[in-house]
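Undergrad: My structure is below; once you've seen it, I'll send some questions.
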Amino acid sequence: MKKVYSSAAEALDGLLHDNMLIAAGGFGLCGIPELLLNAIKDSGVKDLTFASNNAGVDDFGIGILLQTRQVKKMISSYVGENAEFMRQYLSGELELEFNPQGTLAERMRAAGHGIPGFYTRTGVGTVIADGKEVKEFNGEDYILEEGLFADLSIVKAWKADETGNAIFRKTARNFNPPAAMCGRICVMEVEEIVPTGSLDPDAIHLPGIYVHRIVQGTHEKRIEQRTVRQKETA
């Protein structure tokens, strides 16, 4: 089965439609599937729900889809650094479902393993627990969280072979593997595609069984918050 495609648009061909739920990998501006997000923007699909740790910044990441009003809801754990996100949410234009960061990652991972729900202490006694089932285990309350089953997963890897076995670098490993697992279809962009069999099996973070389509591309290396020392005077 062909997995490698020549462009992000080709890799997404036939997969996009209005009102779909998309799980997107990345952490801050690290490891976000920027090529696929641009292709989604160009496709014109709308009323999208994104499950992602964050929404990027105003002109990068999911932020570009907020600017074009293609997103109706975000399922996120961190929404800072994005003025347009804040404006749309406060004005009632954008629906927001807050998830604790670990809960969001586990909802994705659980779905990828076929687990429909799990109990967690995180959020007990807060607004996170509103409307959710509460159950007691060993004298402690836990809330039921559902697995997050997405229509489509879009992720970014550092290196992958032609079958989709992938390696993620450093912080990009936080959300990309669970996001890749939870989608009915997973499209992955990578910096480098290598021959099948050339990756050390012990180094693979995501098995290719989860990946359906792959595209290689050139990526921008952005720094979300640049912190430097002042130049020392002589």
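Residues are referred to by chain and number: the chain letter is A, B, ... according to the order shown in the structure tokens, the number counts from 1 in that chain, and ligands are numbered separately from 1 in the order shown.
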Can you check which residues of range 23-194 of chain A DSSP gives as strand (DSSP E or B) on the backbone and send them as a VMD selection string?
TA: chain A and resid 23 to 24 27 30 48 to 51 57 60 71 to 76 95 to 98 117 to 120 134 to 137 140 to 146 150 to 161 166 to 167 183 to 194
Undergrad: May I have the residues from that selection written out with C-alpha atoms, as a short mmCIF file (atom, residue, chain, number, x, y, z; two decimals), in the first residue's frame?
TA:
data_model
loop_
_atom_site.label_atom_id
_atom_site.label_comp_id
_atom_site.auth_asym_id
_atom_site.auth_seq_id
_atom_site.Cartn_x
_atom_site.Cartn_y
_atom_site.Cartn_z
CA ALA A 23 -6.12 15.52 16.50
CA ALA A 24 -2.94 17.53 15.95
CA PHE A 27 3.90 21.16 21.87
CA CYS A 30 7.73 22.36 18.60
CA LEU A 48 -13.48 22.00 12.42
CA THR A 49 -12.83 20.75 15.94
CA PHE A 50 -9.15 20.45 16.87
CA ALA A 51 -7.80 18.39 19.75
CA VAL A 57 0.39 31.49 17.66
CA PHE A 60 1.62 29.82 12.79
CA VAL A 71 -12.16 26.23 13.53
CA LYS A 72 -15.35 26.14 15.61
CA LYS A 73 -14.01 24.33 18.69
CA MET A 74 -10.71 23.65 20.43
CA ILE A 75 -10.02 20.79 22.85
CA SER A 76 -6.84 22.01 24.52
CA GLU A 95 -16.01 26.94 21.67
CA LEU A 96 -13.34 25.74 24.10
CA GLU A 97 -13.11 22.48 26.04
CA PHE A 98 -10.29 22.68 28.56
CA GLY A 117 -12.78 5.63 28.90
CA PHE A 118 -10.70 5.77 32.08
CA TYR A 119 -10.92 7.19 35.59
CA THR A 120 -8.55 9.87 36.87
CA VAL A 134 -17.66 10.29 39.61
CA LYS A 135 -16.68 6.93 41.10
CA GLU A 136 -14.95 6.05 44.33
CA PHE A 137 -11.87 3.80 44.42
CA GLU A 140 -10.91 8.50 46.72
CA ASP A 141 -13.11 10.09 44.05
CA TYR A 142 -12.22 9.72 40.39
CA ILE A 143 -13.88 11.20 37.30
CA LEU A 144 -14.56 9.33 34.08
CA GLU A 145 -12.81 10.71 30.99
CA GLU A 146 -13.59 9.37 27.52
CA ALA A 150 -10.57 11.56 16.03
CA ASP A 151 -11.60 11.46 12.38
CA LEU A 152 -8.06 12.42 11.37
CA SER A 153 -4.66 12.70 13.04
CA ILE A 154 -1.97 15.03 11.72
CA VAL A 155 1.50 14.79 13.24
CA LYS A 156 5.13 15.67 12.55
CA ALA A 157 8.12 13.37 13.00
CA TRP A 158 11.84 13.89 12.67
CA LYS A 159 12.54 10.70 10.75
CA ALA A 160 10.46 7.82 9.39
CA ASP A 161 10.78 4.91 7.00
CA ALA A 166 8.75 7.06 13.18
CA ILE A 167 11.18 8.80 15.51
CA GLY A 183 -7.16 9.08 14.56
CA ARG A 184 -9.15 6.85 12.22
CA ILE A 185 -6.61 7.98 9.61
CA CYS A 186 -3.14 9.34 10.45
CA VAL A 187 -1.18 11.58 8.09
CA MET A 188 2.40 12.30 9.13
CA GLU A 189 4.85 14.86 7.80
CA VAL A 190 8.54 14.20 8.34
CA GLU A 191 11.86 15.92 7.91
CA GLU A 192 13.49 12.82 6.44
CA ILE A 193 12.25 9.53 4.97
CA VAL A 194 14.75 6.68 5.19
#
Undergrad: Might you pull out every residue within 10 Å of Leu29 in chain A, with only C-alpha atoms counted and same-chain residues fewer than 4 positions away left off, and present them as a count of residues only?
TA: 16
Undergrad: Neighbours of Ser77 in chain A within 6 Å (only C-alpha atoms; same-chain residues fewer than 4 positions away dropped), as a list in words?
TA: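 Near Ser77 in chain A, the qualifying residues are Asn53, Phe98, Asn99, Pro100 and Gln101 of chain A.
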Undergrad: Considering only C-alpha atoms, state which residue in the set A:Pro207, A:Glu10, A:Gly28, A:Gly63 is at the smallest distance from Ser43 in chain A.
TA: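 Nearest to Ser43 in chain A: A:Glu10.
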Undergrad: Can you pull out every residue within 10 Å of Gln70 in chain A, counting only C-alpha atoms, but drop anything in the same chain fewer than 5 positions away, and send it as a PyMOL selection string?
TA: chain A and resi 18-19+40-41+44-49+62+64-65
Undergrad: If you count only C-alpha atoms, which residues fall within 7 Å of Lys3 in chain A, apart from same-chain ones fewer than 5 positions away, as an NGL selection string?
TA: :A and (162-163 or 212-214)
